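What's in start.tsv: TSV, C-alpha atoms
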```
chain	number	residue	atom	x	y	z
K	44	MET	CA	-14.03	-3.51	17.14
K	45	PRO	CA	-10.64	-1.67	16.86
K	46	ILE	CA	-10.96	1.90	15.60
K	47	THR	CA	-7.49	1.74	13.95
K	48	PRO	CA	-5.23	-1.23	13.08
K	49	GLY	CA	-2.68	-0.11	15.70
K	50	ARG	CA	-5.29	-0.30	18.48
K	51	ASP	CA	-6.27	-3.91	17.74
K	52	LEU	CA	-6.07	-6.26	20.79
K	53	LEU	CA	-4.93	-3.39	23.06
K	54	ASP	CA	-6.79	-1.80	25.96
K	55	ASP	CA	-8.22	1.60	25.08
K	56	THR	CA	-5.59	4.31	25.62
K	57	GLN	CA	-5.41	8.04	24.92
K	58	TRP	CA	-2.40	7.72	22.62
K	59	ASN	CA	-1.12	5.10	20.17
K	60	SER	CA	2.14	5.08	18.20
K	61	TRP	CA	2.98	2.58	15.50
K	62	VAL	CA	5.48	1.59	12.83
K	63	ASP	CA	4.50	-0.36	9.72
K	64	THR	CA	7.01	-1.75	7.22
K	65	SER	CA	6.21	-3.60	4.01
K	66	TYR	CA	8.06	-5.12	1.07
K	67	MET	CA	6.54	-5.83	-2.36
K	68	ARG	CA	7.83	-7.82	-5.33
K	69	ILE	CA	6.30	-7.68	-8.82
K	70	ARG	CA	6.97	-9.92	-11.82
K	71	ASP	CA	5.09	-8.99	-15.02
K	72	ARG	CA	5.28	-11.22	-18.09
K	73	ARG	CA	1.96	-10.28	-19.70
K	74	GLU	CA	1.98	-9.77	-23.46
K	75	ASN	CA	5.67	-10.80	-23.70
K	76	GLN	CA	6.78	-8.13	-21.25
K	77	ASP	CA	9.87	-8.50	-19.08
K	78	ILE	CA	9.29	-6.28	-16.04
K	79	ASP	CA	10.52	-6.93	-12.51
K	80	GLY	CA	9.99	-4.56	-9.61
K	81	THR	CA	10.61	-4.32	-5.88
K	82	GLY	CA	9.46	-1.74	-3.37
K	83	GLY	CA	9.74	-1.02	0.33
K	84	VAL	CA	7.71	1.33	2.53
K	85	LEU	CA	8.32	2.42	6.14
K	86	LEU	CA	5.35	4.12	7.83
K	87	LEU	CA	5.45	5.92	11.18
K	88	GLY	CA	2.41	7.36	12.94
K	89	THR	CA	0.97	8.64	16.19
K	90	ASP	CA	-2.68	9.27	17.01
K	91	ARG	CA	-4.76	10.51	19.94
K	92	ARG	CA	-8.31	9.71	20.91
K	93	VAL	CA	-10.56	12.75	20.44
K	94	GLY	CA	-13.81	12.08	22.23
K	95	ASP	CA	-15.42	8.67	22.61
K	96	ALA	CA	-15.78	7.86	18.90
K	97	MET	CA	-12.88	9.55	17.09
K	98	VAL	CA	-9.12	9.18	16.72
K	99	ALA	CA	-6.90	11.70	14.89
K	100	GLY	CA	-3.21	11.48	14.08
K	101	MET	CA	-0.29	12.21	11.75
K	102	MET	CA	1.78	9.81	9.67
K	103	ILE	CA	4.90	9.89	7.52
K	104	SER	CA	6.11	7.32	5.01
K	105	MET	CA	9.50	6.73	3.43
K	106	GLU	CA	9.36	4.79	0.17
K	107	ASN	CA	11.80	3.19	-2.26
K	108	SER	CA	11.10	1.25	-5.44
K	109	ARG	CA	13.07	-0.16	-8.36
K	110	THR	CA	11.83	-1.37	-11.74
K	111	ASP	CA	13.86	-3.29	-14.34
K	112	ALA	CA	12.58	-3.83	-17.87
K	113	TYR	CA	13.73	-5.05	-21.27
K	114	GLY	CA	16.36	-7.38	-19.86
K	115	GLY	CA	17.83	-4.66	-17.64
K	116	GLU	CA	18.13	-2.10	-20.45
K	117	GLN	CA	15.74	0.19	-18.57
K	118	GLN	CA	16.01	0.82	-14.81
K	119	ILE	CA	13.89	3.23	-12.77
K	120	ASP	CA	14.59	4.02	-9.11
K	121	VAL	CA	12.12	6.11	-7.13
K	122	ASN	CA	12.81	7.40	-3.60
K	123	GLY	CA	10.84	9.83	-1.46
K	124	PHE	CA	8.43	10.46	1.36
K	125	MET	CA	4.81	11.31	2.04
K	126	VAL	CA	3.23	12.99	5.07
K	127	GLY	CA	-0.29	13.81	6.16
K	128	PRO	CA	-3.11	13.48	8.68
K	129	TYR	CA	-5.45	10.58	9.30
K	130	MET	CA	-8.58	10.01	11.32
K	131	ALA	CA	-10.89	7.18	12.32
K	132	TYR	CA	-14.50	7.32	13.48
K	133	GLN	CA	-16.57	4.66	15.23
K	134	LEU	CA	-19.78	4.71	13.19
K	135	THR	CA	-21.50	1.95	15.19
K	136	PRO	CA	-20.32	-0.61	17.76
K	137	VAL	CA	-19.40	-2.95	14.86
K	138	TRP	CA	-18.34	-0.53	12.08
K	139	SER	CA	-15.57	2.08	11.83
K	140	LEU	CA	-14.41	4.46	9.09
K	141	TYR	CA	-10.75	5.35	8.47
K	142	ALA	CA	-9.40	8.11	6.17
K	143	ASN	CA	-6.01	9.62	5.39
K	144	PHE	CA	-4.62	12.20	2.99
K	145	ASN	CA	-0.92	12.43	2.16
K	146	ILE	CA	1.27	14.63	-0.01
K	147	GLY	CA	4.80	13.68	-0.97
K	148	HIS	CA	7.94	14.46	-2.91
K	149	PHE	CA	9.96	11.85	-4.80
K	150	ASN	CA	13.07	11.70	-6.95
K	151	GLN	CA	13.03	9.44	-10.01
K	152	ASP	CA	16.32	8.21	-11.51
K	153	GLN	CA	16.11	6.49	-14.88
K	154	GLU	CA	18.66	4.63	-16.96
K	155	LEU	CA	17.77	3.68	-20.53
K	156	SER	CA	20.59	1.80	-22.21
K	157	THR	CA	23.49	4.31	-22.10
K	158	LEU	CA	21.25	7.28	-21.25
K	159	SER	CA	20.45	8.48	-17.71
K	160	GLY	CA	18.66	11.30	-15.96
K	161	SER	CA	16.56	12.23	-12.95
K	162	GLY	CA	13.49	14.30	-12.17
K	163	ASP	CA	11.14	15.29	-9.36
K	164	VAL	CA	7.74	13.74	-8.73
K	165	GLN	CA	4.90	15.11	-6.59
K	166	ARG	CA	2.23	12.74	-5.31
K	167	TYR	CA	-1.14	13.18	-3.59
K	168	ALA	CA	-2.83	10.15	-2.05
K	169	LEU	CA	-6.25	9.57	-0.47
K	170	THR	CA	-7.38	6.41	1.32
K	171	LEU	CA	-10.81	5.56	2.73
K	172	ASN	CA	-11.54	2.31	4.55
K	173	ALA	CA	-14.76	1.05	6.11
K	174	GLU	CA	-14.42	-1.99	8.35
K	175	GLY	CA	-16.84	-4.06	10.43
K	176	GLN	CA	-16.57	-6.95	12.86
K	177	TYR	CA	-19.10	-9.70	13.64
K	178	ALA	CA	-18.72	-12.65	16.01
K	179	VAL	CA	-19.95	-16.07	14.91
K	180	ASP	CA	-19.36	-18.47	17.81
K	181	GLU	CA	-15.56	-18.27	18.32
K	182	VAL	CA	-14.84	-16.86	14.86
K	183	TYR	CA	-14.68	-13.17	13.94
K	184	LEU	CA	-15.73	-11.93	10.49
K	185	ARG	CA	-14.40	-8.56	9.31
K	186	PRO	CA	-15.88	-7.21	6.06
K	187	LYS	CA	-13.84	-4.34	4.62
K	188	ILE	CA	-14.14	-1.86	1.76
K	189	LEU	CA	-10.93	-0.05	0.79
K	190	LEU	CA	-10.82	2.91	-1.62
K	191	SER	CA	-7.39	4.19	-2.75
K	192	TYR	CA	-6.64	7.11	-5.07
K	193	LEU	CA	-3.28	8.55	-6.15
K	194	HIS	CA	-2.36	11.54	-8.32
K	195	SER	CA	1.24	11.71	-9.54
K	196	ASN	CA	2.84	14.66	-11.34
K	197	ASN	CA	6.22	14.05	-12.99
K	198	GLU	CA	8.26	17.13	-13.82
K	199	ALA	CA	10.10	17.35	-17.15
K	200	TYR	CA	13.70	16.15	-17.20
K	201	GLU	CA	16.40	15.03	-19.65
K	202	LEU	CA	18.05	11.72	-20.38
K	203	GLU	CA	21.66	12.30	-21.39
K	204	GLY	CA	24.45	10.07	-22.62
K	205	ALA	CA	26.17	8.87	-25.74
K	206	ILE	CA	25.39	6.22	-28.34
K	207	GLU	CA	28.34	5.12	-30.51
K	208	GLY	CA	30.20	8.28	-29.51
K	209	GLN	CA	27.33	10.58	-30.40
K	210	ALA	CA	26.06	12.79	-27.55
K	211	ILE	CA	22.32	12.37	-26.95
K	212	HIS	CA	19.95	14.69	-25.07
K	213	LEU	CA	16.43	13.30	-24.83
K	214	ARG	CA	13.91	15.55	-23.08
K	215	LEU	CA	11.02	13.83	-21.32
K	216	PRO	CA	8.06	16.22	-20.98
K	217	GLU	CA	6.07	16.83	-17.82
K	218	ASP	CA	3.24	14.38	-17.40
K	219	SER	CA	0.72	13.31	-14.77
K	220	TYR	CA	-1.50	10.32	-14.16
K	221	ASN	CA	-4.06	8.97	-11.70
K	222	THR	CA	-4.54	5.52	-10.21
K	223	GLY	CA	-7.57	4.41	-8.24
K	224	SER	CA	-8.80	1.09	-6.90
K	225	LEU	CA	-11.74	-0.28	-4.93
K	226	GLN	CA	-11.17	-3.45	-2.90
K	227	PRO	CA	-13.90	-5.23	-0.91
K	228	SER	CA	-12.58	-8.09	1.23
K	229	LEU	CA	-13.44	-10.38	4.12
K	230	GLU	CA	-11.12	-11.33	6.98
K	231	ILE	CA	-11.75	-14.45	9.10
K	232	SER	CA	-9.95	-14.79	12.44
K	233	ARG	CA	-10.02	-16.72	15.69
K	234	GLN	CA	-8.59	-15.57	19.00
K	235	ILE	CA	-6.48	-18.04	20.97
K	236	SER	CA	-5.89	-17.10	24.62
K	237	PHE	CA	-3.28	-18.70	26.87
K	238	SER	CA	-3.17	-19.16	30.63
K	239	ASN	CA	-0.34	-16.63	30.98
K	240	GLY	CA	-2.54	-13.90	29.51
K	241	SER	CA	-1.00	-13.82	26.02
K	242	VAL	CA	-3.23	-13.71	22.95
K	243	PHE	CA	-2.62	-15.05	19.43
K	244	VAL	CA	-5.00	-14.28	16.55
K	245	PRO	CA	-4.34	-16.05	13.22
K	246	TYR	CA	-6.35	-14.71	10.29
K	247	ALA	CA	-7.00	-15.14	6.58
K	248	GLU	CA	-8.35	-12.48	4.22
K	249	VAL	CA	-9.66	-12.75	0.67
K	250	GLY	CA	-10.76	-9.93	-1.60
K	251	ILE	CA	-11.05	-8.60	-5.11
K	252	SER	CA	-9.59	-5.35	-6.43
K	253	TYR	CA	-11.06	-3.23	-9.22
K	254	ALA	CA	-8.79	-0.62	-10.84
K	255	PHE	CA	-11.36	2.02	-11.78
K	256	GLU	CA	-8.65	4.46	-12.89
K	257	ARG	CA	-5.10	3.90	-14.09
K	258	PRO	CA	-2.61	5.35	-16.59
K	259	ASP	CA	-3.39	4.88	-20.27
K	260	ALA	CA	-2.45	1.47	-21.58
K	261	THR	CA	-0.08	3.12	-24.07
K	262	GLU	CA	1.97	4.44	-21.15
K	263	LEU	CA	2.31	1.08	-19.42
K	264	TYR	CA	2.20	-1.57	-22.09
K	265	LEU	CA	3.66	-2.26	-25.49
K	266	ALA	CA	1.74	-0.88	-28.45
K	267	GLY	CA	-0.68	-3.35	-30.01
K	268	THR	CA	-1.33	-5.44	-26.88
K	269	ASP	CA	-4.71	-6.00	-25.31
K	270	GLU	CA	-5.63	-3.93	-22.25
K	271	PRO	CA	-5.16	-6.04	-19.09
K	272	SER	CA	-8.13	-6.84	-16.89
K	273	ARG	CA	-9.05	-4.27	-14.26
K	274	PHE	CA	-9.94	-7.03	-11.77
K	275	SER	CA	-7.57	-9.11	-9.63
K	276	GLY	CA	-7.95	-11.27	-6.54
K	277	MET	CA	-6.08	-11.08	-3.26
K	278	MET	CA	-5.35	-13.54	-0.44
K	279	ARG	CA	-3.61	-12.63	2.83
K	280	LEU	CA	-2.47	-14.83	5.72
K	281	GLY	CA	-1.24	-13.39	8.99
K	282	ALA	CA	-1.46	-13.22	12.76
K	283	ARG	CA	-1.71	-10.66	15.57
K	284	THR	CA	-0.33	-11.05	19.06
K	285	LEU	CA	0.20	-9.02	22.22
K	286	VAL	CA	3.75	-8.03	23.15
K	287	GLY	CA	3.72	-7.32	26.86
K	288	GLU	CA	0.71	-5.46	28.27
K	289	SER	CA	0.52	-2.44	25.95
K	290	SER	CA	2.06	-3.41	22.58
K	291	MET	CA	0.79	-5.38	19.61
K	292	LEU	CA	2.49	-7.10	16.65
K	293	ASP	CA	0.79	-7.93	13.34
K	294	PHE	CA	2.62	-9.77	10.57
K	295	ASN	CA	1.20	-11.01	7.26
K	296	SER	CA	1.99	-12.02	3.72
K	297	SER	CA	-0.26	-11.65	0.69
K	298	TYR	CA	-0.56	-12.60	-2.98
K	299	GLN	CA	-2.34	-9.82	-4.88
K	300	SER	CA	-2.67	-10.95	-8.48
K	301	ILE	CA	-5.01	-13.95	-8.39
K	302	GLY	CA	-6.70	-14.45	-11.74
K	303	THR	CA	-4.17	-12.34	-13.66
K	304	PRO	CA	-2.04	-14.71	-15.79
K	305	GLY	CA	1.53	-13.55	-16.27
K	306	LEU	CA	1.49	-11.17	-13.30
K	307	ASP	CA	2.79	-12.03	-9.82
K	308	VAL	CA	2.52	-9.53	-6.96
K	309	TRP	CA	3.70	-10.55	-3.48
K	310	GLU	CA	3.75	-8.42	-0.33
K	311	ALA	CA	5.02	-8.97	3.23
K	312	GLU	CA	4.10	-6.59	6.07
K	313	VAL	CA	4.90	-6.12	9.77
K	314	LEU	CA	3.03	-3.68	12.06
K	315	PHE	CA	4.11	-2.87	15.63
K	316	SER	CA	2.08	-0.53	17.83
K	317	HIS	CA	2.23	0.73	21.40
K	318	GLY	CA	-0.55	2.29	23.44
K	319	PHE	CA	0.04	4.82	26.20
```

As structure tokens, what does this structure read like?
Amino acid sequence: MPITPGRDLLDDTQWNSWVDTSYMRIRDRRENQDIDGTGGVLLLGTDRRVGDAMVAGMMISMENSRTDAYGGEQQIDVNGFMVGPYMAYQLTPVWSLYANFNIGHFNQDQELSTLSGSGDVQRYALTLNAEGQYAVDEVYLRPKILLSYLHSNNEAYELEGAIEGQAIHLRLPEDSYNTGSLQPSLEISRQISFSNGSVFVPYAEVGISYAFERPDATELYLAGTDEPSRFSGMMRLGARTLVGESSMLDFNSSYQSIGTPGLDVWEAEVLFSHGF
């Protein structure tokens, strides 16, 4: 049972460094909306084993996202970073608990028709993940429970421009919101070993996500529409493999909006780690 994703398949080492990059694409046509979004995240981290059952480390993420709405009349670009500690603890031989807390600073640029402006955003994120592993003949079952919570505080800023030659100054007030989700899932994998010592582990994961907290519907959706469901399904396909004797590569792709008509959310991810 790996204590962290970066230590999967690898021999136990004192240190582990990893890089994780992901790309997400969103297409939202619910209730006659016209929203398209893309986002990329680059994560870097290093951790050290502390005792027999604990790992502690630090991570930093660099993030970029872009949202287009109303036929391109509104565009929002968000760029920034988050940094914070993480830890993992081996609860039992078959269960581990992972937690991280990050704080970050972002810049938000918005264009609305002929108006434009930018403001600062502070974010605070907490993630908890419990994961187990059970062997059934040659198949491994990994039940998981993922809890994610994010607080975002947007500072006040102005949109400025001109409409038909008339100067416009539109002040957007400071606001904040929270998002939280709970996602139980199950991963099924099978390890394939080759005579040269290499290992290949294809896997499939299915789960369901419940958004127990999110911004008010009036902030995200057009007035008069029904509130979207808080539940959505997820399916992920991927594989892990050893790279040399002390490195591991994990690549996967997922669809995260099963059962939500009008919404398509795709994500691709690559994780590379090295133990030393």

I'd like the contact shell of Met277 in chain K - 7 Å cut-off, only C-alpha atoms, skipping same-chain residues fewer than 5 positions apart - returned as a compact mmCIF listing (two decimals) with C-alpha atoms, in the frame of the given file.
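Listed below is the output, out.txt:
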```txt
# COMPACT_ATOMS: atom_id res chain seq x y z
CA VAL K 249 -9.66 -12.75 0.67
CA GLY K 250 -10.76 -9.93 -1.60
CA ILE K 251 -11.05 -8.60 -5.11
CA TYR K 298 -0.56 -12.60 -2.98
CA GLN K 299 -2.34 -9.82 -4.88
CA SER K 300 -2.67 -10.95 -8.48
CA ILE K 301 -5.01 -13.95 -8.39
```

At a cut-off of 10 Å, can you tabulate as JSON lines every residue of range 71-123 of chain K near range 158-166 of chain K together with its closest atom pair and the distance in Å to one decimal, using only C-alpha atoms and ordering rows by chain then number?
```
{"residue": "K:Glu116", "atom": "CA", "partner": "K:Leu158", "partner_atom": "CA", "distance": 9.9}
{"residue": "K:Gln117", "atom": "CA", "partner": "K:Leu158", "partner_atom": "CA", "distance": 9.4}
{"residue": "K:Gln118", "atom": "CA", "partner": "K:Ser159", "partner_atom": "CA", "distance": 9.3}
{"residue": "K:Ile119", "atom": "CA", "partner": "K:Ser161", "partner_atom": "CA", "distance": 9.4}
{"residue": "K:Asp120", "atom": "CA", "partner": "K:Ser161", "partner_atom": "CA", "distance": 9.3}
{"residue": "K:Val121", "atom": "CA", "partner": "K:Val164", "partner_atom": "CA", "distance": 8.9}
{"residue": "K:Asn122", "atom": "CA", "partner": "K:Val164", "partner_atom": "CA", "distance": 9.6}
{"residue": "K:Gly123", "atom": "CA", "partner": "K:Val164", "partner_atom": "CA", "distance": 8.8}
```

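Interatomic distance, CA of Val313 in chain K to CA of Glu230 in chain K: 17.1 Å.
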
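Interatomic distance, CA of Phe319 in chain K to CA of Leu285 in chain K: 14.4 Å.
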
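For the residues K:Leu53, K:Arg273, K:Pro45, K:Gly302, ranking by smallest atom-to-atom distance to Ser290 in chain K using all atoms listed in the file places K:Leu53 first.
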
My list of candidates is K:Gln151, K:Arg72, K:Val126, K:Ala131. Which is closest to Ser108 in chain K when distances are computed with all atoms listed in the file? K:Gln151

I'd like to know which of K:Thr284, K:Leu314, K:Leu169, K:Met278 is closest to Ser297 in chain K, using all atoms listed in the file. K:Met278

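You can rank K:Gln226, K:Ser238, K:Ser156, K:Ser289 by their closest distance to Lys187 in chain K using all atoms listed in the file, and at the top of that list sits K:Gln226.
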